[in-house]
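Enquirer: Here's a structure for you.
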Amino acid sequence: MGALIEFQEVCKYYYMGDTTVKAADHISMKIERGEFVAIVGQSGSGKSTCMNIIGCLDVPTAGTYLLGGRDVGKMNKNELAEIRNEMLGFIFQQYNLLPRLDLIENVEIPLMYKGVPKAERRKRAQEVLEQVGLGDKLKSKPNELSGGQQQRVSIARALVGKPAVILADEPTGALDSHTSREVLSILQQLHRDGNTVVLITHDNSIAMRAERIIRLEDGQVVYDGDSKSPDALVQAHIPEDEEEEK
Ligand SMILES: Nc1ncnc2c1ncn2[C@@H]1O[C@H](COP(=O)(O)OP(=O)(O)OP(=O)(O)O)[C@@H](O)[C@H]1O
Ligand SMILES: [Mg+2]
């Protein structure tokens, strides 16, 4: 079986009048089942662009994206929605919970899209809420919870459909450092349980919590390897003219 996620020379270009913005510029990488990978880079480096492509929310301008061996670039809107429901669990910075629904109902939503019967939905939602430590709050509404607890609900919602990939976009962006550590611990536990986790962040100290770091600069991969390597944390690219001044 091939890699779970494979980018072959993926490009995403935006044409703005005379200039071309290369948001993704020939990115090639593979992510295998069971990996915990952080995609890291400064503002404008192309993280959201990659996240949108990995998450089947957008397709490359050129190059090939294979998810579970399937060519996502060739899919129409319906097929994209289908593969998203089937393969991906999303965690966002803003938890995107529905305020009028209780926790069980919020977590059930992805299963409704999959047409899972109600009793089974409830059971699965309860299980994953217990898994993230919220088994005693099943009937609470999101606004009765702390930020960290709300993020745990959104993790439960990402997990409930047993997705092949958990895709977390700045999941600790709205949290204090203590709560951030808790949320990162949950992601690490999910990885130990065998899940594939892709974490998008601009923050090196958060990226370090993954096993592997893919660093982006100007839409290109400038580092791909062990998160513990000293090279993982340095800004690889110093523009030539700046270098000369030194
Ligand atoms: N819809 C768009 N039209 C034009 N340019 C875009 C568009 N979306 C992104 N870009 C450009 O592509 C580049 C990469 O953007 P992207 O949003 O992927 O960066 P990012 O790493 O997520 O940044 P941030 O940390 O600020 O969220 C940037 O130069 C951005 O201005
Ligand atoms: Mg972004």
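Chain lettering (A, B, ...) mirrors the order of the structure tokens, residue numbering begins at 1 for each chain separately, and ligand numbering begins at 1 in order of display.
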Which residues are near ligand 1 - at most 12 Å, using only C-alpha atoms and all ligand atoms? Format: as an MDAnalysis selection string.
Expert: chainID A and resid 11:17 19:25 39:53 58 93 169:170 173 200:203 215:221
Enquirer: So that I can check the secondary structure, give me every residue of range 9-218 of chain A assigned strand (DSSP E or B) by backbone DSSP, as a ChimeraX atom specification.
Expert: /A:9-16,19-31,36-40,62-67,70-71,88-91,165-169,196-201,212-217
Enquirer: I'd like the contact shell of range 139-149 of chain A - 6 Å cut-off, only C-alpha atoms, skipping same-chain residues fewer than 5 positions apart - returned as a PyMOL selection string.
Expert: chain A and resi 99+102-103+179
Enquirer: Please, could you write that set of residues out with N, CA and C atoms as a PDB file, in the first residue's frame?
Expert:
```
ATOM      1  N   PRO A  99     -23.800  26.334  19.151  1.00  0.00           N
ATOM      2  CA  PRO A  99     -24.129  26.746  20.516  1.00  0.00           C
ATOM      3  C   PRO A  99     -25.440  26.179  21.063  1.00  0.00           C
ATOM      4  N   ASP A 102     -26.231  20.310  22.554  1.00  0.00           N
ATOM      5  CA  ASP A 102     -25.387  19.852  23.659  1.00  0.00           C
ATOM      6  C   ASP A 102     -24.176  19.092  23.092  1.00  0.00           C
ATOM      7  N   LEU A 103     -23.317  18.640  24.005  1.00  0.00           N
ATOM      8  CA  LEU A 103     -22.044  18.075  23.538  1.00  0.00           C
ATOM      9  C   LEU A 103     -22.250  16.826  22.693  1.00  0.00           C
ATOM     10  N   THR A 179      -3.403  25.109  29.059  1.00  0.00           N
ATOM     11  CA  THR A 179      -4.452  24.385  28.336  1.00  0.00           C
ATOM     12  C   THR A 179      -3.930  23.872  27.004  1.00  0.00           C
TER      13      THR A 179
END
```
Enquirer: So the first atom is CA of Arg33 in chain A and the second is CA of Ile213 in chain A; what is the distance between them in Å, to one decimal place?
Expert: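 If I compute the distance from CA of Arg33 in chain A to CA of Ile213 in chain A, I get 15.6 Å.
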Enquirer: Which of these, A:Ile83, A:Leu159, A:Ala168, A:Leu184, has the shortest distance to ligand 2 once you count only C-alpha atoms and all ligand atoms?
Expert: A:Ala168
Enquirer: Calculated over only C-alpha atoms, which of the candidates A:Ala125, A:Val234, A:Met29, A:Val198 has the smallest distance to Lys162 in chain A?
Expert: A:Ala125
Enquirer: Tell me which of A:Ala164, A:Tyr113, A:Phe92, A:Ile186 sits closest to ligand 2, counting only C-alpha atoms and all ligand atoms.
Expert: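 Looking at the shortest contact to ligand 2, the residue is A:Phe92.
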Enquirer: Mind checking DSSP for range 52-120 of chain A and telling me the alpha helix (DSSP H) residues as an mmCIF file with N, CA and C atoms, in the first residue's frame?
Expert:
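Writing done, so here's selection.cif:
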```
data_model
loop_
_atom_site.group_PDB
_atom_site.id
_atom_site.type_symbol
_atom_site.label_atom_id
_atom_site.label_comp_id
_atom_site.auth_asym_id
_atom_site.auth_seq_id
_atom_site.Cartn_x
_atom_site.Cartn_y
_atom_site.Cartn_z
ATOM 1 N N ASN A 52 -5.583 23.214 3.355
ATOM 2 C CA ASN A 52 -6.779 23.152 2.515
ATOM 3 C C ASN A 52 -6.669 22.050 1.476
ATOM 4 N N ILE A 53 -5.470 21.835 0.972
ATOM 5 C CA ILE A 53 -5.296 20.770 -0.020
ATOM 6 C C ILE A 53 -5.370 19.407 0.668
ATOM 7 N N ILE A 54 -4.628 19.238 1.766
ATOM 8 C CA ILE A 54 -4.669 17.952 2.486
ATOM 9 C C ILE A 54 -6.108 17.629 2.873
ATOM 10 N N LYS A 77 -16.898 18.542 -6.813
ATOM 11 C CA LYS A 77 -17.292 19.019 -5.472
ATOM 12 C C LYS A 77 -17.899 17.917 -4.610
ATOM 13 N N ASN A 78 -18.782 17.112 -5.216
ATOM 14 C CA ASN A 78 -19.440 16.044 -4.459
ATOM 15 C C ASN A 78 -18.454 14.989 -3.987
ATOM 16 N N GLU A 79 -17.556 14.633 -4.891
ATOM 17 C CA GLU A 79 -16.557 13.624 -4.535
ATOM 18 C C GLU A 79 -15.617 14.142 -3.441
ATOM 19 N N LEU A 80 -15.305 15.444 -3.518
ATOM 20 C CA LEU A 80 -14.458 16.045 -2.482
ATOM 21 C C LEU A 80 -15.160 15.987 -1.127
ATOM 22 N N ALA A 81 -16.443 16.330 -1.112
ATOM 23 C CA ALA A 81 -17.197 16.288 0.150
ATOM 24 C C ALA A 81 -17.234 14.858 0.694
ATOM 25 N N GLU A 82 -17.382 13.919 -0.206
ATOM 26 C CA GLU A 82 -17.460 12.519 0.205
ATOM 27 C C GLU A 82 -16.152 12.025 0.819
ATOM 28 N N ILE A 83 -15.043 12.302 0.136
ATOM 29 C CA ILE A 83 -13.754 11.818 0.637
ATOM 30 C C ILE A 83 -13.404 12.539 1.946
ATOM 31 N N ARG A 84 -13.830 13.812 2.066
ATOM 32 C CA ARG A 84 -13.633 14.542 3.324
ATOM 33 C C ARG A 84 -14.342 13.858 4.477
ATOM 34 N N ASN A 85 -15.604 13.543 4.272
ATOM 35 C CA ASN A 85 -16.378 12.879 5.331
ATOM 36 C C ASN A 85 -15.794 11.540 5.704
ATOM 37 N N GLU A 86 -15.300 10.853 4.695
ATOM 38 C CA GLU A 86 -14.836 9.494 4.901
ATOM 39 C C GLU A 86 -13.452 9.449 5.548
ATOM 40 N N MET A 87 -12.573 10.369 5.144
ATOM 41 C CA MET A 87 -11.154 10.222 5.487
ATOM 42 C C MET A 87 -10.628 11.202 6.535
ATOM 43 N N LEU A 103 -23.317 18.640 24.005
ATOM 44 C CA LEU A 103 -22.044 18.075 23.538
ATOM 45 C C LEU A 103 -22.250 16.826 22.693
ATOM 46 N N ILE A 104 -23.143 15.935 23.152
ATOM 47 C CA ILE A 104 -23.405 14.718 22.374
ATOM 48 C C ILE A 104 -23.866 15.091 20.976
ATOM 49 N N GLU A 105 -24.802 16.050 20.890
ATOM 50 C CA GLU A 105 -25.355 16.426 19.569
ATOM 51 C C GLU A 105 -24.277 17.038 18.677
ATOM 52 N N ASN A 106 -23.401 17.866 19.281
ATOM 53 C CA ASN A 106 -22.305 18.443 18.496
ATOM 54 C C ASN A 106 -21.403 17.358 17.923
ATOM 55 N N VAL A 107 -21.074 16.394 18.762
ATOM 56 C CA VAL A 107 -20.115 15.364 18.349
ATOM 57 C C VAL A 107 -20.725 14.383 17.336
ATOM 58 N N GLU A 108 -22.057 14.245 17.400
ATOM 59 C CA GLU A 108 -22.749 13.322 16.479
ATOM 60 C C GLU A 108 -22.749 13.794 15.019
ATOM 61 N N ILE A 109 -22.527 15.105 14.812
ATOM 62 C CA ILE A 109 -22.779 15.687 13.490
ATOM 63 C C ILE A 109 -22.098 14.940 12.335
ATOM 64 N N PRO A 110 -20.773 14.640 12.462
ATOM 65 C CA PRO A 110 -20.146 13.936 11.321
ATOM 66 C C PRO A 110 -20.797 12.582 11.030
ATOM 67 N N LEU A 111 -21.342 11.946 12.045
ATOM 68 C CA LEU A 111 -21.983 10.638 11.838
ATOM 69 C C LEU A 111 -23.331 10.796 11.142
ATOM 70 N N MET A 112 -23.966 11.959 11.356
ATOM 71 C CA MET A 112 -25.232 12.221 10.650
ATOM 72 C C MET A 112 -24.971 12.298 9.154
ATOM 73 N N TYR A 113 -23.865 12.999 8.801
ATOM 74 C CA TYR A 113 -23.505 13.078 7.369
ATOM 75 C C TYR A 113 -23.236 11.711 6.777
ATOM 76 N N LYS A 118 -29.381 6.680 14.697
ATOM 77 C CA LYS A 118 -29.312 7.525 15.894
ATOM 78 C C LYS A 118 -28.698 6.824 17.116
ATOM 79 N N ALA A 119 -29.137 5.623 17.415
ATOM 80 C CA ALA A 119 -28.662 4.947 18.630
ATOM 81 C C ALA A 119 -27.148 4.720 18.570
ATOM 82 N N GLU A 120 -26.692 4.323 17.399
ATOM 83 C CA GLU A 120 -25.262 4.092 17.193
ATOM 84 C C GLU A 120 -24.482 5.411 17.291
#
```
Enquirer: Could you please determine the separation between CA of Thr196 in chain A and CA of Gly2 in chain A in Å, to one decimal place?
Expert: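 So the answer is 14.6 Å.
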Enquirer: Near Asp231 in chain A, counting only C-alpha atoms, which residues have an atom at most 12 Å away, once you skip same-chain residues fewer than 3 positions from it, shown as JSON, numbers by chain?
Expert: {"A": [204, 208, 212, 213, 214, 215, 222, 223, 224, 225, 226, 227, 228, 234, 235, 236, 237]}
Enquirer: With C-alpha atoms kept, could you save the residues just selected as a PDB file, in the first residue's frame?
Expert:
```
ATOM      1  CA  ASN A 204       8.064  25.990  16.844  1.00  0.00           C
ATOM      2  CA  MET A 208       8.254  20.111  18.499  1.00  0.00           C
ATOM      3  CA  ARG A 212       8.296  14.922  12.379  1.00  0.00           C
ATOM      4  CA  ILE A 213       8.391  18.509  11.173  1.00  0.00           C
ATOM      5  CA  ILE A 214       7.776  19.757   7.650  1.00  0.00           C
ATOM      6  CA  ARG A 215       8.913  23.380   7.517  1.00  0.00           C
ATOM      7  CA  VAL A 222      12.878  23.776   3.553  1.00  0.00           C
ATOM      8  CA  TYR A 223      13.067  21.004   6.171  1.00  0.00           C
ATOM      9  CA  ASP A 224      11.430  17.601   6.446  1.00  0.00           C
ATOM     10  CA  GLY A 225      12.563  15.266   9.186  1.00  0.00           C
ATOM     11  CA  ASP A 226      12.832  14.466  12.868  1.00  0.00           C
ATOM     12  CA  SER A 227      11.333  17.159  15.113  1.00  0.00           C
ATOM     13  CA  LYS A 228      14.144  16.564  17.636  1.00  0.00           C
ATOM     14  CA  VAL A 234      16.243  26.927  12.332  1.00  0.00           C
ATOM     15  CA  GLN A 235      14.977  29.238   9.647  1.00  0.00           C
ATOM     16  CA  ALA A 236      16.782  27.477   6.819  1.00  0.00           C
ATOM     17  CA  HIS A 237      16.666  30.164   4.212  1.00  0.00           C
TER      18      HIS A 237
END
```
Enquirer: Report the distance between CA of His26 in chain A and CA of Leu167 in chain A in Å, rounded to one decimal place.
Expert: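 So the two atoms, CA of His26 in chain A and CA of Leu167 in chain A, lie 21.4 Å apart.
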Enquirer: Give the answer as one residue: which of A:Gly161, A:Leu101, A:Pro171, A:Gly69 has the shortest atom-to-atom distance to ligand 2, using only C-alpha atoms and all ligand atoms?
Expert: A:Pro171
Enquirer: Out of A:Gly68, A:Gly73, A:Gly63, A:Pro163, which residue has the shortest atom-to-atom distance to Gly194 in chain A when counting only C-alpha atoms?
Expert: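 Counting only C-alpha atoms, the residue closest to Gly194 in chain A is A:Pro163.
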